[in-house]
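Trainee: Here you go, this is entry-v1.cif (mmCIF, C-alpha atoms).
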data_query
loop_
_atom_site.label_atom_id
_atom_site.label_comp_id
_atom_site.auth_asym_id
_atom_site.auth_seq_id
_atom_site.Cartn_x
_atom_site.Cartn_y
_atom_site.Cartn_z
CA MET A 22 -89.24 -158.16 30.01
CA VAL A 23 -86.46 -156.19 31.72
CA ARG A 24 -83.18 -156.15 29.85
CA ALA A 25 -80.02 -157.03 31.71
CA PHE A 26 -78.34 -154.21 33.55
CA PRO A 27 -74.55 -153.90 33.52
CA LYS A 28 -72.71 -155.87 36.21
CA ASN A 29 -71.48 -152.66 37.86
CA VAL A 30 -75.00 -151.53 38.89
CA LYS A 31 -75.06 -151.45 42.70
CA TYR A 32 -76.57 -154.68 43.99
CA TRP A 33 -78.98 -153.01 46.41
CA ILE A 34 -80.66 -150.78 43.81
CA LYS A 35 -80.80 -153.18 40.86
CA PRO A 36 -83.80 -155.31 42.01
CA ASN A 37 -85.80 -152.18 42.87
CA ILE A 38 -85.26 -150.66 39.43
CA GLU A 39 -85.92 -153.96 37.63
CA ASN A 40 -89.16 -154.51 39.56
CA ARG A 41 -90.41 -150.97 38.90
CA ILE A 42 -89.74 -151.35 35.18
CA LYS A 43 -91.45 -154.76 35.13
CA SER A 44 -94.52 -153.38 36.98
CA GLY A 45 -94.75 -150.39 34.64
CA GLU A 46 -94.03 -147.79 37.32
CA ILE A 47 -90.95 -146.75 35.35
CA LYS A 48 -90.71 -146.71 31.57
CA ALA A 49 -87.20 -147.72 30.47
CA TYR A 50 -85.69 -146.82 27.13
CA PHE A 51 -82.68 -149.08 26.57
CA GLN A 52 -80.15 -148.38 23.82
CA THR A 53 -81.52 -144.85 23.57
CA VAL A 54 -79.91 -141.45 23.06
CA VAL A 55 -81.35 -138.17 24.33
CA GLN A 56 -81.58 -135.95 21.26
CA GLU A 57 -83.04 -132.83 22.86
CA ILE A 58 -84.27 -131.57 26.21
CA ARG A 59 -87.04 -129.01 25.78
CA PRO A 60 -89.05 -127.06 28.39
CA HIS A 61 -91.88 -129.61 28.60
CA ASP A 62 -90.60 -132.74 26.89
CA VAL A 63 -87.54 -134.74 25.89
CA VAL A 64 -86.83 -136.11 22.43
CA LEU A 65 -85.34 -139.62 22.46
CA GLN A 66 -83.84 -141.62 19.62
CA THR A 67 -84.70 -145.25 20.37
CA PRO A 68 -84.00 -148.41 18.37
CA HIS A 69 -87.65 -148.12 17.23
CA GLY A 70 -87.43 -144.48 16.18
CA GLU A 71 -88.01 -141.09 17.78
CA VAL A 72 -90.03 -140.90 21.00
CA ILE A 73 -91.15 -137.70 22.73
CA VAL A 74 -91.60 -137.97 26.49
CA LYS A 75 -93.47 -135.25 28.37
CA ASN A 76 -91.72 -134.12 31.53
CA ASP A 77 -91.69 -131.51 34.27
CA PHE A 78 -87.94 -131.72 34.88
CA VAL A 79 -84.88 -133.73 33.88
CA PHE A 80 -82.13 -135.15 36.09
CA ALA A 81 -78.93 -135.51 34.08
CA MET A 82 -77.50 -138.53 35.87
CA THR A 83 -74.76 -139.73 33.60
CA GLY A 84 -73.12 -142.23 35.90
CA TYR A 85 -69.59 -142.36 37.17
CA ARG A 86 -66.46 -143.15 35.23
CA PRO A 87 -63.08 -142.73 36.91
CA ASP A 88 -60.64 -140.40 35.14
CA PHE A 89 -58.14 -143.08 34.17
CA GLU A 90 -56.35 -140.72 31.79
CA PHE A 91 -55.69 -138.25 34.64
CA MET A 92 -54.17 -141.00 36.75
CA ALA A 93 -52.00 -142.22 33.87
CA GLU A 94 -50.78 -138.67 33.23
CA HIS A 95 -49.63 -138.57 36.86
CA GLY A 96 -47.71 -141.82 36.79
CA ILE A 97 -50.36 -144.07 38.28
CA HIS A 98 -50.48 -147.37 36.43
CA LEU A 99 -53.62 -149.44 36.04
CA ASP A 100 -54.15 -153.18 35.97
CA PRO A 101 -54.92 -153.92 32.30
CA ALA A 102 -57.80 -156.29 33.09
CA THR A 103 -59.62 -154.30 35.79
CA SER A 104 -58.29 -150.72 35.46
CA LYS A 105 -57.57 -150.84 39.19
CA PRO A 106 -54.75 -148.46 40.04
CA ILE A 107 -51.67 -150.16 41.42
CA THR A 108 -51.66 -149.36 45.15
CA ASP A 109 -50.16 -150.76 48.32
CA PRO A 110 -53.17 -152.51 49.92
CA LYS A 111 -51.86 -151.68 53.42
CA THR A 112 -51.54 -147.92 52.81
CA LEU A 113 -53.45 -147.19 49.56
CA GLU A 114 -50.39 -145.32 48.31
CA SER A 115 -50.01 -145.53 44.56
CA GLU A 116 -46.77 -146.22 42.72
CA ARG A 117 -46.32 -142.47 42.70
CA ASN A 118 -44.73 -141.66 46.05
CA GLY A 119 -47.05 -139.59 48.24
CA VAL A 120 -50.14 -140.08 46.07
CA TYR A 121 -52.86 -142.04 47.86
CA LEU A 122 -56.16 -143.21 46.40
CA ALA A 123 -59.43 -143.75 48.22
CA GLY A 124 -63.02 -144.64 47.54
CA VAL A 125 -64.46 -146.29 44.48
CA ILE A 126 -61.48 -145.23 42.36
CA VAL A 127 -59.40 -148.08 43.87
CA ALA A 128 -61.84 -150.57 42.32
CA GLY A 129 -61.15 -149.46 38.74
CA THR A 130 -64.00 -150.61 36.53
CA HIS A 131 -65.28 -152.93 39.28
CA THR A 132 -67.20 -150.13 40.96
CA ASN A 133 -69.52 -152.59 42.67
CA GLU A 134 -66.67 -153.65 45.00
CA ILE A 135 -66.43 -150.40 46.98
CA PHE A 136 -69.38 -149.06 48.95
CA ILE A 137 -69.87 -146.54 51.72
CA GLU A 138 -69.65 -149.45 54.13
CA ASN A 139 -66.07 -150.39 53.19
CA GLY A 140 -64.75 -147.28 51.41
CA ARG A 141 -65.25 -145.16 54.52
CA PHE A 142 -62.23 -146.81 56.12
CA HIS A 143 -59.84 -145.63 53.40
CA GLY A 144 -59.31 -142.25 55.06
CA LYS A 145 -58.02 -143.80 58.27
CA VAL A 146 -55.74 -146.18 56.36
CA ILE A 147 -54.24 -143.25 54.46
CA ALA A 148 -53.98 -140.99 57.53
CA ASP A 149 -52.21 -143.75 59.47
CA ALA A 150 -49.80 -144.32 56.57
CA ILE A 151 -48.97 -140.63 56.32
CA ALA A 152 -48.58 -140.32 60.09
CA GLY A 153 -46.27 -143.34 60.05
CA SER A 154 -44.15 -141.82 57.30
CA LEU A 155 -43.83 -138.57 59.26
CA ASN A 156 -42.88 -140.37 62.46
CA PRO A 157 -41.33 -143.70 61.40
CA SER A 158 -40.53 -144.69 65.00
CA SER A 159 -44.23 -144.88 65.95
CA ASP A 160 -46.38 -147.86 65.09
CA ASN A 161 -49.63 -146.53 63.61
CA ASN A 162 -50.81 -149.85 62.19
#
Turn the structure described in the file into structure tokens.

Mentor:
Amino acid sequence: MVRAFPKNVKYWIKPNIENRIKSGEIKAYFQTVVQEIRPHDVVLQTPHGEVIVKNDFVFAMTGYRPDFEFMAEHGIHLDPATSKPITDPKTLESERNGVYLAGVIVAGTHTNEIFIENGRFHGKVIADAIAGSLNPSSDNN
């Protein structure tokens, strides 16, 4: 049985991972801590005790967590429920004048809301906003 993945796992990869775990193609160790990475194996501390997994290489893929503390230190406030930074949705400018945010960071802890498909437009939104602020008489929207 595959344990539930967090809600912020990208929707397009989740079924693939779950199916590979279920079929036995991938061995999953939930609630596990890597104790040691050695040249030919990895020592894991699982809920059932220590497990040693032989390996040829290790990818340290720790996930993504926005640096909320950095934003707070720079006067960018976050929504208490979602950790989304407060931005103008039309320009993506934060409460801090001249500081714009783009990409998954604007989703706070709801990282499954921003993808390449919709985040790629943030640059144009920001560029248009900056161009408009430099030349207020032009209509860049």

Trainee: Could you please determine the separation between CA of Gly96 (chain A) and CA of Gly153 (chain A) in Å, to one decimal place?

Mentor: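 Atom-to-atom, CA of Gly96 (chain A) and CA of Gly153 (chain A) are spaced 23.4 Å apart.
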
Trainee: I'd like the residues picked by the PyMOL selection byres ((chain A and resi 117) around 12) written out as a list in words, using the chain letters and numbers from the file.

Mentor: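 Output of the PyMOL selection byres ((chain A and resi 117) around 12): Met92, Ala93, Glu94, His95, Gly96, Ile97, His98, Pro106, Ile107, Thr108, Asp109, Leu113, Glu114, Ser115, Glu116, Asn118, Gly119, Val120, Tyr121 and Leu122 of chain A.
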
Trainee: Once the PyMOL selection byres ((chain A and resi 103) around 8) has been applied to the shown file, what residues remain in the selection, as a ChimeraX atom specification?

Mentor: /A:99-102,104-105,128-131

Trainee: Could the residues in this selection be saved with C-alpha atoms as a PDB file, in the frame of the given file?

Mentor:
ATOM      1  CA  LEU A  99     -53.620-149.440  36.040  1.00  0.00           C
ATOM      2  CA  ASP A 100     -54.150-153.180  35.970  1.00  0.00           C
ATOM      3  CA  PRO A 101     -54.920-153.920  32.300  1.00  0.00           C
ATOM      4  CA  ALA A 102     -57.800-156.290  33.090  1.00  0.00           C
ATOM      5  CA  SER A 104     -58.290-150.720  35.460  1.00  0.00           C
ATOM      6  CA  LYS A 105     -57.570-150.840  39.190  1.00  0.00           C
ATOM      7  CA  ALA A 128     -61.840-150.570  42.320  1.00  0.00           C
ATOM      8  CA  GLY A 129     -61.150-149.460  38.740  1.00  0.00           C
ATOM      9  CA  THR A 130     -64.000-150.610  36.530  1.00  0.00           C
ATOM     10  CA  HIS A 131     -65.280-152.930  39.280  1.00  0.00           C
TER      11      HIS A 131
END

Trainee: Fewer than 2 positions away in the same chain doesn't count, so skip those; otherwise give me all residues within 9 Å of region 28-34 of chain A, counting all atoms listed in the file, as a PyMOL selection string.

Mentor: chain A and resi 25-26+36-39+130-134+136

Trainee: On this file, the PyMOL selection byres ((chain A and resi 148) around 12) gives some set of residues; write that set as a list of chain:residue names.

Mentor: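 That selection, the PyMOL selection byres ((chain A and resi 148) around 12), comes back as A:Lys111, A:Thr112, A:Leu113, A:Glu114, A:Gly119, A:Tyr121, A:Leu122, A:Ala123, A:Phe142, A:His143, A:Gly144, A:Lys145, A:Val146, A:Ile147, A:Asp149, A:Ala150, A:Ile151, A:Ala152, A:Gly153, A:Ser154, A:Leu155, A:Asn161, A:Asn162.
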
Trainee: What does the distance from CA of Pro110 (chain A) to CA of Arg141 (chain A) come to in Å, to one decimal?

Mentor: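 For CA of Pro110 (chain A) relative to CA of Arg141 (chain A), the distance reads 14.9 Å.
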
Trainee: Just how far from CA of Phe51 (chain A) is CA of Gln66 (chain A), in Å to one decimal?

Mentor: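 Pair CA of Gln66 (chain A) / CA of Phe51 (chain A) returns 10.3 Å.
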